[in-house]
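**Q** Contents of run-v6.cif (mmCIF, C-alpha atoms and all ligand atoms):
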```cif
data_protein
loop_
_atom_site.label_atom_id
_atom_site.label_comp_id
_atom_site.auth_asym_id
_atom_site.auth_seq_id
_atom_site.Cartn_x
_atom_site.Cartn_y
_atom_site.Cartn_z
CA MET G 1 82.72 113.10 112.41
CA LYS G 2 85.89 111.20 111.62
CA PRO G 3 85.27 107.60 110.62
CA ASP G 4 86.46 104.50 112.40
CA MET G 5 89.20 103.38 110.03
CA GLU G 6 89.46 99.78 111.22
CA ALA G 7 86.70 98.44 108.99
CA TRP G 8 88.28 100.21 106.01
CA ARG G 9 91.64 98.64 106.80
CA ASP G 10 90.11 95.19 107.17
CA MET G 11 89.01 95.23 103.52
CA ARG G 12 92.57 95.56 102.23
CA PHE G 13 91.78 95.21 98.51
CA GLY G 14 89.62 97.35 96.24
CA MET G 15 88.96 98.10 92.60
CA PHE G 16 89.68 101.50 91.05
CA ILE G 17 87.85 102.25 87.80
CA HIS G 18 88.93 104.98 85.39
CA TRP G 19 86.25 105.37 82.78
CA GLY G 20 84.90 108.35 80.88
CA LEU G 21 84.83 109.96 77.43
CA TYR G 22 88.60 109.53 77.19
CA ALA G 23 88.08 105.80 76.68
CA LEU G 24 86.88 106.70 73.17
CA VAL G 25 90.23 108.35 72.40
CA GLY G 26 92.19 105.43 73.81
CA HIS G 27 95.18 107.46 75.00
CA GLY G 28 94.50 107.32 78.72
CA GLU G 29 92.53 109.70 80.94
CA TRP G 30 94.77 112.69 80.25
CA ALA G 31 94.09 112.60 76.48
CA MET G 32 92.33 115.98 76.38
CA TYR G 33 95.29 117.75 77.96
CA ASN G 34 98.16 115.72 76.55
CA ASP G 35 97.13 115.36 72.93
CA PRO G 36 95.79 118.15 73.34
CA ILE G 37 92.17 118.19 72.14
CA ASP G 38 90.13 121.34 71.58
CA VAL G 39 87.47 121.76 74.30
CA ASP G 40 84.55 121.89 71.85
CA GLU G 41 85.82 118.94 69.89
CA TYR G 42 86.27 116.99 73.12
CA ARG G 43 82.71 117.79 74.07
CA ARG G 44 81.48 116.18 70.88
CA LEU G 45 82.85 112.85 72.09
CA ALA G 46 79.74 112.75 74.27
CA ASP G 47 77.63 112.32 71.12
CA ARG G 48 79.48 109.06 70.44
CA PHE G 49 79.47 107.84 74.05
CA THR G 50 76.79 105.16 73.71
CA ALA G 51 78.43 102.72 76.14
CA GLU G 52 76.25 100.02 74.65
CA LYS G 53 77.68 97.19 76.72
CA PHE G 54 77.88 99.03 80.04
CA ASP G 55 76.77 96.65 82.77
CA ALA G 56 77.59 97.76 86.29
CA ALA G 57 76.50 94.39 87.65
CA ALA G 58 79.21 92.73 85.55
CA TRP G 59 81.84 95.14 86.95
CA ALA G 60 80.75 94.37 90.50
CA ARG G 61 80.78 90.63 89.87
CA ILE G 62 84.31 90.85 88.47
CA ALA G 63 85.45 92.85 91.51
CA LYS G 64 83.82 90.45 93.92
CA ALA G 65 85.28 87.40 92.20
CA ALA G 66 88.70 89.07 92.36
CA GLY G 67 88.42 89.15 96.13
CA MET G 68 87.96 92.92 96.22
CA LYS G 69 85.84 94.38 98.99
CA TYR G 70 85.18 97.88 97.64
CA MET G 71 85.12 99.87 94.44
CA VAL G 72 86.06 103.45 93.57
CA LEU G 73 84.72 104.88 90.30
CA THR G 74 85.87 108.09 88.60
CA THR G 75 82.53 109.86 88.77
CA ARG G 76 84.29 112.80 87.12
CA HIS G 77 87.90 113.19 85.99
CA HIS G 78 89.89 116.31 85.05
CA ASP G 79 88.11 116.58 81.67
CA GLY G 80 84.94 117.61 83.52
CA PHE G 81 82.62 114.92 82.12
CA ALA G 82 80.27 113.68 84.85
CA LEU G 83 79.15 110.05 84.75
CA TRP G 84 75.89 110.91 86.48
CA ASP G 85 72.83 113.10 85.98
CA SER G 86 74.41 116.34 87.16
CA PRO G 87 72.34 119.54 86.99
CA SER G 88 75.24 121.58 88.38
CA SER G 89 77.71 120.45 85.73
CA TYR G 90 78.87 123.52 83.80
CA GLY G 91 77.23 123.24 80.34
CA ARG G 92 75.53 119.98 81.40
CA PHE G 93 78.55 117.92 80.44
CA ASP G 94 77.19 114.70 81.83
CA ALA G 95 76.17 111.14 80.96
CA MET G 96 72.48 112.04 80.91
CA HIS G 97 73.20 114.41 78.02
CA ALA G 98 75.58 112.10 76.20
CA ALA G 99 74.45 109.54 73.63
CA ALA G 100 73.97 106.95 76.40
CA LYS G 101 71.45 109.13 78.34
CA ARG G 102 72.05 107.11 81.51
CA ASP G 103 73.08 107.78 85.07
CA PHE G 104 76.04 105.42 85.28
CA VAL G 105 76.76 106.35 88.87
CA ARG G 106 73.30 105.25 89.99
CA GLU G 107 73.72 101.89 88.25
CA TYR G 108 77.19 101.49 89.72
CA VAL G 109 76.03 102.22 93.26
CA ASP G 110 73.16 99.74 92.97
CA ALA G 111 75.50 97.07 91.57
CA CYS G 112 78.09 97.49 94.34
CA ARG G 113 75.41 97.19 96.98
CA ALA G 114 73.92 94.10 95.34
CA GLU G 115 77.32 92.36 95.59
CA GLY G 116 77.93 93.54 99.15
CA LEU G 117 80.83 95.78 98.10
CA LYS G 118 81.53 99.15 99.70
CA VAL G 119 80.89 102.12 97.42
CA GLY G 120 83.57 104.67 96.59
CA PHE G 121 83.47 107.85 94.47
CA TYR G 122 86.55 109.38 92.90
CA TYR G 123 86.01 113.05 92.09
CA SER G 124 88.45 115.55 90.65
CA PRO G 125 87.60 119.17 91.53
CA ILE G 126 89.70 120.52 88.68
CA ASP G 127 88.21 120.91 85.23
CA TRP G 128 90.32 121.71 82.18
CA ARG G 129 87.39 123.49 80.54
CA PHE G 130 87.82 126.46 82.88
CA PRO G 131 90.49 129.06 82.02
CA GLY G 132 90.37 129.85 85.73
CA PHE G 133 92.03 126.53 86.43
CA PHE G 134 95.09 127.51 84.42
CA PHE G 135 95.12 131.21 85.36
CA PRO G 136 93.12 131.54 88.58
CA ARG G 137 94.17 135.10 89.28
CA MET G 138 93.69 136.35 85.74
CA TYR G 139 90.33 134.62 85.27
CA GLY G 140 89.01 135.05 88.77
CA LYS G 141 85.34 134.61 87.92
CA SER G 142 86.05 131.42 86.02
CA ALA G 143 88.04 130.11 89.00
CA ASP G 144 85.13 130.94 91.32
CA ASP G 145 82.75 129.11 88.98
CA LEU G 146 85.06 126.12 89.05
CA ARG G 147 84.95 126.03 92.83
CA ARG G 148 81.18 126.44 92.86
CA GLN G 149 80.77 123.55 90.43
CA CYS G 150 82.92 121.42 92.72
CA PHE G 151 80.80 122.14 95.80
CA ASP G 152 77.51 121.72 93.94
CA GLN G 153 78.50 118.48 92.25
CA ILE G 154 79.83 116.95 95.42
CA ARG G 155 76.60 117.90 97.15
CA GLU G 156 74.70 116.03 94.43
CA LEU G 157 76.90 112.97 94.84
CA MET G 158 76.61 113.00 98.60
CA THR G 159 72.83 113.55 98.60
CA ASN G 160 71.28 111.56 95.78
CA TYR G 161 72.88 108.10 96.00
CA GLY G 162 72.28 106.84 99.52
CA LYS G 163 75.14 105.86 101.77
CA ILE G 164 78.60 106.30 100.21
CA ASP G 165 81.55 104.70 101.96
CA VAL G 166 84.64 106.28 100.41
CA PHE G 167 85.31 109.69 98.86
CA TRP G 168 88.45 109.76 96.74
CA PHE G 169 89.67 113.24 95.78
CA ASP G 170 92.29 113.83 93.12
CA GLY G 171 93.94 117.08 92.10
CA GLY G 172 92.22 118.95 94.93
CA GLU G 173 95.45 120.10 96.53
CA ASP G 174 95.85 123.84 96.08
CA TYR G 175 99.10 123.58 94.17
CA TRP G 176 97.36 121.77 91.32
CA LEU G 177 95.85 125.04 90.15
CA CYS G 178 97.87 126.42 87.24
CA HIS G 179 99.23 122.93 86.75
CA GLY G 180 101.82 122.80 83.99
CA ARG G 181 101.09 126.34 82.87
CA ASN G 182 103.54 128.33 84.91
CA LEU G 183 105.46 130.49 82.51
CA HIS G 184 107.60 132.14 85.15
CA ASN G 185 109.41 130.16 87.80
CA ASP G 186 108.77 132.79 90.40
CA THR G 187 105.03 132.21 90.15
CA ALA G 188 105.21 128.44 89.85
CA SER G 189 102.70 126.66 92.02
CA THR G 190 104.33 124.01 94.18
CA PRO G 191 103.29 122.07 97.27
CA GLU G 192 105.54 124.34 99.34
CA ASN G 193 104.32 127.48 97.69
CA PRO G 194 100.87 127.14 96.12
CA GLN G 195 99.83 130.04 93.98
CA CYS G 196 96.34 130.21 95.48
CA PRO G 197 96.55 128.86 99.03
CA GLY G 198 93.19 127.87 100.46
CA PHE G 199 91.57 128.03 97.03
CA TRP G 200 89.22 125.07 97.49
CA HIS G 201 87.94 126.06 100.96
CA ALA G 202 88.94 122.59 102.09
CA GLU G 203 87.60 122.91 105.60
CA GLU G 204 84.15 123.84 104.37
CA LEU G 205 84.27 121.06 101.77
CA ASP G 206 85.32 118.54 104.39
CA GLY G 207 82.52 119.67 106.71
CA MET G 208 79.92 119.46 103.95
CA ILE G 209 80.87 115.92 102.96
CA ARG G 210 81.05 114.61 106.51
CA SER G 211 77.75 116.17 107.52
CA LEU G 212 75.95 114.71 104.49
CA GLN G 213 77.64 111.31 104.86
CA PRO G 214 78.52 110.65 108.48
CA GLY G 215 81.18 107.96 108.76
CA ILE G 216 82.48 108.37 105.19
CA VAL G 217 86.20 107.73 104.66
CA ILE G 218 87.99 110.48 102.66
CA ASN G 219 91.46 110.33 101.12
CA ASN G 220 94.04 113.07 101.55
CA ARG G 221 94.06 114.79 98.17
CA TYR G 222 92.28 118.03 98.99
CA GLY G 223 93.37 121.15 100.76
CA ALA G 224 96.09 120.97 103.28
CA ARG G 225 97.57 117.78 104.69
CA GLU G 226 95.48 117.71 107.82
CA TYR G 227 92.39 116.85 105.78
CA GLY G 228 91.62 113.29 104.91
CA ASP G 229 91.68 109.94 106.63
CA PHE G 230 94.29 108.04 104.65
CA LEU G 231 97.45 108.53 102.62
CA THR G 232 97.56 107.72 98.91
CA PRO G 233 100.93 106.50 97.63
CA GLU G 234 100.42 106.42 93.86
CA GLY G 235 102.07 103.80 91.68
CA TYR G 236 104.33 102.45 94.41
CA VAL G 237 103.95 100.44 97.59
CA GLY G 238 103.66 102.58 100.69
CA ALA G 239 106.36 102.37 103.33
CA PHE G 240 105.69 100.18 106.39
CA ASN G 241 103.45 102.35 108.53
CA THR G 242 101.10 101.07 111.21
CA SER G 243 100.19 104.46 112.62
CA GLU G 244 98.62 106.20 109.61
CA PRO G 245 96.14 104.38 107.35
CA TRP G 246 97.30 104.23 103.74
CA GLU G 247 96.27 102.83 100.41
CA THR G 248 98.50 102.27 97.42
CA ASN G 249 96.71 103.02 94.17
CA VAL G 250 98.15 101.37 91.07
CA THR G 251 97.36 100.90 87.43
CA PHE G 252 97.03 97.38 86.11
CA ASN G 253 99.08 98.02 82.99
CA GLY G 254 100.77 101.43 83.16
CA SER G 255 97.68 103.49 82.30
CA TRP G 256 94.62 104.48 84.31
CA GLY G 257 92.30 105.16 81.40
CA TYR G 258 91.84 102.69 78.54
CA ILE G 259 94.65 102.20 76.05
CA PRO G 260 94.06 99.29 73.66
CA ASP G 261 96.28 96.23 73.96
CA TRP G 262 98.23 97.12 77.06
CA PRO G 263 98.39 93.80 78.91
CA PRO G 264 97.92 93.67 82.68
CA TYR G 265 100.64 92.76 85.15
CA SER G 266 101.29 89.08 85.71
CA LEU G 267 99.60 87.17 88.51
CA ARG G 268 102.87 87.12 90.39
CA GLU G 269 103.38 90.88 90.08
CA SER G 270 99.79 91.58 91.12
CA LEU G 271 99.81 89.33 94.18
CA THR G 272 103.25 90.46 95.25
CA LEU G 273 102.00 94.05 95.18
CA LEU G 274 99.03 93.12 97.35
CA SER G 275 101.20 91.17 99.78
CA ARG G 276 103.69 94.04 99.96
CA CYS G 277 100.87 96.43 100.82
CA ALA G 278 99.31 94.16 103.45
CA THR G 279 102.63 93.38 105.15
CA GLY G 280 103.31 97.13 105.28
CA ASP G 281 99.86 97.62 106.87
CA GLY G 282 98.25 99.24 103.84
CA ASN G 283 95.38 98.69 101.41
CA MET G 284 95.67 98.31 97.68
CA LEU G 285 93.39 99.87 95.09
CA LEU G 286 94.00 98.16 91.75
CA ASN G 287 92.76 99.93 88.64
CA VAL G 288 90.89 98.72 85.60
CA GLY G 289 90.31 100.90 82.53
CA PRO G 290 87.09 99.83 80.78
CA LYS G 291 86.69 100.21 77.03
CA PRO G 292 84.40 102.86 75.51
CA ASP G 293 81.59 100.30 75.29
CA GLY G 294 81.75 99.94 79.09
CA THR G 295 83.34 96.50 79.34
CA ILE G 296 86.46 95.70 81.33
CA PRO G 297 89.13 94.42 78.88
CA GLU G 298 89.10 90.61 78.82
CA ASP G 299 92.75 90.20 79.79
CA GLN G 300 92.25 92.41 82.86
CA ALA G 301 89.12 90.47 83.85
CA GLU G 302 90.96 87.15 83.43
CA ARG G 303 93.86 88.24 85.61
CA LEU G 304 91.44 89.47 88.26
CA ALA G 305 89.77 86.07 88.31
CA GLU G 306 93.17 84.45 88.91
CA ILE G 307 93.90 86.85 91.75
CA GLY G 308 90.51 86.01 93.22
CA ALA G 309 91.17 82.27 92.98
CA TRP G 310 94.39 82.70 94.98
CA LEU G 311 92.66 84.87 97.56
CA GLY G 312 89.81 82.37 97.77
CA LYS G 313 92.34 79.84 99.06
CA TYR G 314 94.75 81.99 101.01
CA GLY G 315 92.88 85.22 101.73
CA GLU G 316 93.11 84.67 105.49
CA CYS G 317 96.65 86.09 105.32
CA ILE G 318 95.30 89.36 103.84
CA TYR G 319 91.77 90.26 104.97
CA GLY G 320 91.28 91.60 108.45
CA THR G 321 95.02 91.51 109.12
CA ARG G 322 97.45 94.23 110.14
CA GLY G 323 100.97 94.51 108.83
CA GLY G 324 104.00 93.44 110.85
CA PRO G 325 104.77 93.51 113.68
CA TRP G 326 108.22 93.21 112.12
CA LYS G 327 108.85 95.53 109.17
CA ASN G 328 108.64 94.12 105.65
CA ASP G 329 111.48 94.50 103.17
CA GLY G 330 112.08 93.77 99.49
CA SER G 331 111.74 90.02 99.90
CA GLY G 332 108.89 89.45 102.34
CA GLY G 333 107.07 90.47 105.48
CA MET G 334 104.39 89.55 107.96
CA THR G 335 100.73 90.04 108.65
CA ARG G 336 98.94 89.25 111.87
CA ARG G 337 95.50 88.71 113.30
CA GLY G 338 94.94 87.87 116.96
CA LYS G 339 97.35 85.11 117.95
CA THR G 340 98.21 84.28 114.36
CA LEU G 341 101.23 85.48 112.43
CA TYR G 342 101.55 85.02 108.66
CA VAL G 343 104.96 85.04 107.05
CA HIS G 344 104.85 86.13 103.39
CA VAL G 345 107.82 85.43 101.14
CA TRP G 346 107.89 86.72 97.60
CA GLU G 347 111.56 86.25 96.99
CA TRP G 348 113.65 83.44 98.51
CA LYS G 349 117.14 84.82 98.48
CA ARG G 350 118.52 81.74 100.16
CA ASN G 351 117.26 78.29 100.98
CA ARG G 352 116.13 79.09 104.47
CA ILE G 353 114.54 81.93 106.32
CA ARG G 354 115.18 82.50 109.96
CA LEU G 355 112.62 84.56 111.81
CA PRO G 356 113.53 86.95 114.57
CA ALA G 357 113.12 85.62 118.12
CA LEU G 358 109.36 85.99 118.55
CA GLY G 359 109.16 86.15 122.31
CA ALA G 360 106.10 83.88 122.20
CA ARG G 361 105.51 80.17 122.33
CA VAL G 362 104.76 78.77 118.90
CA LEU G 363 101.89 76.28 119.06
CA ASN G 364 101.66 75.36 115.42
CA VAL G 365 103.41 76.08 112.13
CA ARG G 366 101.82 75.36 108.76
CA ALA G 367 102.41 76.59 105.22
CA LEU G 368 99.24 77.67 103.44
CA THR G 369 100.66 77.50 99.96
CA THR G 370 102.68 74.24 99.98
CA ASP G 371 102.92 70.85 101.65
CA SER G 372 106.69 70.89 101.58
CA LEU G 373 107.34 73.08 104.60
CA GLN G 374 110.17 72.10 106.92
CA TRP G 375 110.67 74.07 110.08
CA LYS G 376 112.57 73.90 113.30
CA GLU G 377 113.00 75.97 116.41
CA GLU G 378 116.45 76.66 117.73
CA GLY G 379 117.32 78.99 120.53
CA GLY G 380 113.87 80.57 120.32
CA GLN G 381 114.18 81.22 116.60
CA ILE G 382 112.13 79.54 113.91
CA THR G 383 113.73 78.53 110.63
CA LEU G 384 111.57 77.87 107.57
CA ALA G 385 112.34 76.08 104.32
CA VAL G 386 110.19 74.86 101.42
CA ASP G 387 111.00 72.88 98.28
CA ALA G 388 112.48 74.95 95.49
CA ASP G 389 109.44 74.44 93.26
CA ALA G 390 107.12 75.70 96.00
CA ARG G 391 108.84 79.05 96.28
CA ASN G 392 107.23 82.17 94.89
CA MET G 393 104.08 80.50 93.67
CA PRO G 394 103.57 83.42 93.53
CA VAL G 395 103.84 84.20 97.24
CA THR G 396 104.77 81.63 99.89
CA VAL G 397 102.70 81.99 103.03
CA VAL G 398 103.41 80.27 106.35
CA ARG G 399 101.05 80.51 109.29
CA LEU G 400 102.27 80.48 112.88
CA ASP G 401 99.86 80.11 115.79
CA LEU G 402 101.16 81.66 118.98
CA ASP G 403 100.27 81.58 122.63
CA ARG G 404 99.67 85.31 122.76
CA PRO G 405 98.43 88.15 120.51
CA ALA G 406 100.94 88.98 117.80
CA ASP G 407 100.63 92.69 118.36
CA GLU G 408 102.04 92.27 121.85
CA LEU G 409 105.36 91.00 120.49
CA ARG G 410 108.32 93.29 120.81
CA ALA G 411 109.30 93.76 117.21
CA ASP G 412 112.44 95.63 116.31
CA GLY G 413 113.93 95.76 112.85
CA ILE G 414 112.81 93.73 109.88
CA TRP G 415 110.97 90.44 109.59
CA GLN G 416 113.79 88.06 108.88
CA ASP G 417 117.30 87.21 109.82
CA VAL G 418 118.65 85.11 106.99
CA ARG G 419 121.41 82.68 107.68
CA ALA G 420 123.54 81.90 104.67
CA ASP G 421 122.96 78.23 103.97
C1 LIG X 1 97.14 110.98 89.01
C2 LIG X 1 96.64 111.23 87.60
C3 LIG X 1 95.22 110.89 87.44
C4 LIG X 1 94.80 109.61 88.10
C5 LIG X 1 95.32 109.56 89.52
C6 LIG X 1 95.02 108.29 90.25
O1 LIG X 1 96.81 112.00 89.87
O2 LIG X 1 96.78 112.58 87.25
O3 LIG X 1 94.90 110.86 86.09
O4 LIG X 1 93.43 109.59 88.12
O5 LIG X 1 96.69 109.76 89.53
O6 LIG X 1 95.59 108.33 91.52
#
```
Starting from the file, lay out its structure as structure tokens.

**A**
Amino acid sequence: MKPDMEAWRDMRFGMFIHWGLYALVGHGEWAMYNDPIDVDEYRRLADRFTAEKFDAAAWARIAKAAGMKYMVLTTRHHDGFALWDSPSSYGRFDAMHAAAKRDFVREYVDACRAEGLKVGFYYSPIDWRFPGFFFPRMYGKSADDLRRQCFDQIRELMTNYGKIDVFWFDGGEDYWLCHGRNLHNDTASTPENPQCPGFWHAEELDGMIRSLQPGIVINNRYGAREYGDFLTPEGYVGAFNTSEPWETNVTFNGSWGYIPDWPPYSLRESLTLLSRCATGDGNMLLNVGPKPDGTIPEDQAERLAEIGAWLGKYGECIYGTRGGPWKNDGSGGMTRRGKTLYVHVWEWKRNRIRLPALGARVLNVRALTTDSLQWKEEGGQITLAVDADARNMPVTVVRLDLDRPADELRADGIWQDVRAD
């Protein structure tokens, strides 16, 4: 059963969490591969993974206060370490057998539910511990074991934790196999020409997940393109697209996994990203990288609280909206809900902004973010201006109430028509 995507779109803003043994190394989530670290030595990190300050309730409170509506946790990244009690983990490389001896996923699920947040699981089918990942045709049995682990672990996740709302694959596209280890160009694995097409049995995987969790929303990073319910632009804002659901996933500071002392983006950068996603009709999944002790770095938590304070005041222009109907561009865009249109401006290039002819009667115009709005209607076109010190604070939002639903407007081109004055 394919899910109804409207409720997922309404949420607009979620928290991504990259956390695992790699936090102890402090070089990001690819530390094992990039440094690189010997497999057995990496395994010994589990003996030091005490996570003494891990408190899933604190994570969920931070997400909620940030105005986020859902969370997605890396239950298992490419290093193979499972954050839950996972009997089918190869070699029992899981949190229950690490120093912490806890099922972090269970605590996380309970905490999300307690705060009324939707629950998402990130899971990477690949596992760098298997030679069959790097050389699937040479180490066929190892590659088969890798696939079996993937099916068995996903079955655990989809069976033992109650209702799960979002499944977030990564690295499950067939061309990821042999990643970075192609010695001969003619055997290189690419999206156009994967070395092992159909490797993950995506159709069967998809069927298993949807039958165990009817209504679950799944991203598009497994098997062929026809699988999955939403697109996943990574590290950039998705293009304006009202026909296919999408979610931009971004780091908060340039790294997914914890790296000490990498400060998060500014409030202005963070909110502009969210506004750019919403006006393009997409969601945004903003990442935090907790420390090895399990806590979200203070500077990331503080910035999230600021984002939440802004959304507490002006969130009506984000939640439950759809992007457009006019296309956004580099300086602003629109969101809409019913008979309301929200104009978002994150860069005032000139003093005034002239909107396209709306083809609707405008009943009321009001700026959410400033008292200094001046507006006028001329020849069916609305012009907006605000005081210079009210621009970009960090996003200017103006609300227009119309006499008809905004999605009935005939919108061609982009959201604004700037007159040079
Ligand atoms: C990339 C990275 C991975 C990260 C993911 C998030 O695929 O390889 O480490 O988890 O992006 O989208």

**Q** For Thr75 in chain G, work out the shell of residues within 9 Å, counting only C-alpha atoms and skipping chain neighbours fewer than 5 positions away, then give it as a list in words.

**A**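 Everything that qualifies: His18, Trp19, Gly20, Phe81, Ala82, Leu83, Trp84, Phe104, Val105, Phe121, Tyr122, Tyr123, Ser124 and Leu157 of chain G.
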
**Q** Give me, please, the distance in Å between CA of Val365 in chain G and CA of Gln381 in chain G, quoted to one decimal.

**A** 12.7 Å

**Q** I'd like to know which of G:Asp281, G:Asp417, G:Glu156, G:Glu234 is closest to ligand LIG 1 (chain X), using all atoms listed in the file.

**A**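 Closest to ligand LIG 1 (chain X) of all the choices is G:Glu234.
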
**Q** Taking only residues of chain G that have an atom at most 9 Å from an atom of ligand LIG 1 (chain X), what is each one's shortest atom pair and its distance in Å to one decimal, using all atoms listed in the file, in chain and number order, as a tab-separated table?

**A**
```
residue	atom	partner	partner_atom	distance
G:Phe16	CA	X:LIG1	C6	8.7
G:His18	CA	X:LIG1	O4	7.0
G:Gly28	CA	X:LIG1	O3	8.2
G:Glu29	CA	X:LIG1	O3	5.8
G:Trp30	CA	X:LIG1	O3	6.1
G:Thr74	CA	X:LIG1	O4	7.7
G:His77	CA	X:LIG1	O4	6.9
G:His78	CA	X:LIG1	O3	7.5
G:Tyr122	CA	X:LIG1	O4	8.4
G:Ser124	CA	X:LIG1	O4	8.2
G:Trp168	CA	X:LIG1	O6	9.0
G:Phe169	CA	X:LIG1	O6	8.8
G:Asp170	CA	X:LIG1	O1	5.9
G:Gly171	CA	X:LIG1	O1	6.2
G:Thr232	CA	X:LIG1	O6	7.7
G:Pro233	CA	X:LIG1	O6	8.3
G:Glu234	CA	X:LIG1	O6	5.7
G:Gly235	CA	X:LIG1	O6	7.9
G:Thr248	CA	X:LIG1	O6	8.9
G:Asn249	CA	X:LIG1	O6	6.0
G:Val250	CA	X:LIG1	O6	7.4
G:Thr251	CA	X:LIG1	C6	8.2
G:Ser255	CA	X:LIG1	O3	8.7
G:Trp256	CA	X:LIG1	C4	6.4
G:Gly257	CA	X:LIG1	O3	7.8
G:Asn287	CA	X:LIG1	C6	8.8
```

**Q** The centre and edge lengths of an axis-aligned box containing all atoms of range 208-214 of chain G present in the file, extended by 4 Å on each side, are to be given in Å to one decimal, as JSON.

**A**
```
{"center_x": 78.5, "center_y": 115.1, "center_z": 105.7, "size_x": 13.1, "size_y": 16.8, "size_z": 13.5}
```

**Q** Between CA of Asn253 in chain G and CA of Ile296 in chain G, what distance in Å does the model show, to one decimal?

**A** 12.9 Å

**Q** As an exercise, work out the distance from CA of Pro263 in chain G to CA of Ile17 in chain G in Å and give it to one decimal place.

**A**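 Interatomic distance, CA of Pro263 in chain G to CA of Ile17 in chain G: 16.2 Å.
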
**Q** Counting all atoms listed in the file, which residues have an atom no more than 9 Å from (91.0, 89.0, 96.7) in the file's coordinates? Please list them as a ChimeraX atom specification.

**A** /G:12-14,63-69,304-305,307-312,315,318-319

**Q** Can I get the selection written as a compact mmCIF listing (two decimals), in the frame of the given file, with C-alpha atoms?

**A**
```
# COMPACT_ATOMS: atom_id res chain seq x y z
CA ARG G 12 92.57 95.56 102.23
CA PHE G 13 91.78 95.21 98.51
CA GLY G 14 89.62 97.35 96.24
CA ALA G 63 85.45 92.85 91.51
CA LYS G 64 83.82 90.45 93.92
CA ALA G 65 85.28 87.40 92.20
CA ALA G 66 88.70 89.07 92.36
CA GLY G 67 88.42 89.15 96.13
CA MET G 68 87.96 92.92 96.22
CA LYS G 69 85.84 94.38 98.99
CA LEU G 304 91.44 89.47 88.26
CA ALA G 305 89.77 86.07 88.31
CA ILE G 307 93.90 86.85 91.75
CA GLY G 308 90.51 86.01 93.22
CA ALA G 309 91.17 82.27 92.98
CA TRP G 310 94.39 82.70 94.98
CA LEU G 311 92.66 84.87 97.56
CA GLY G 312 89.81 82.37 97.77
CA GLY G 315 92.88 85.22 101.73
CA ILE G 318 95.30 89.36 103.84
CA TYR G 319 91.77 90.26 104.97
```
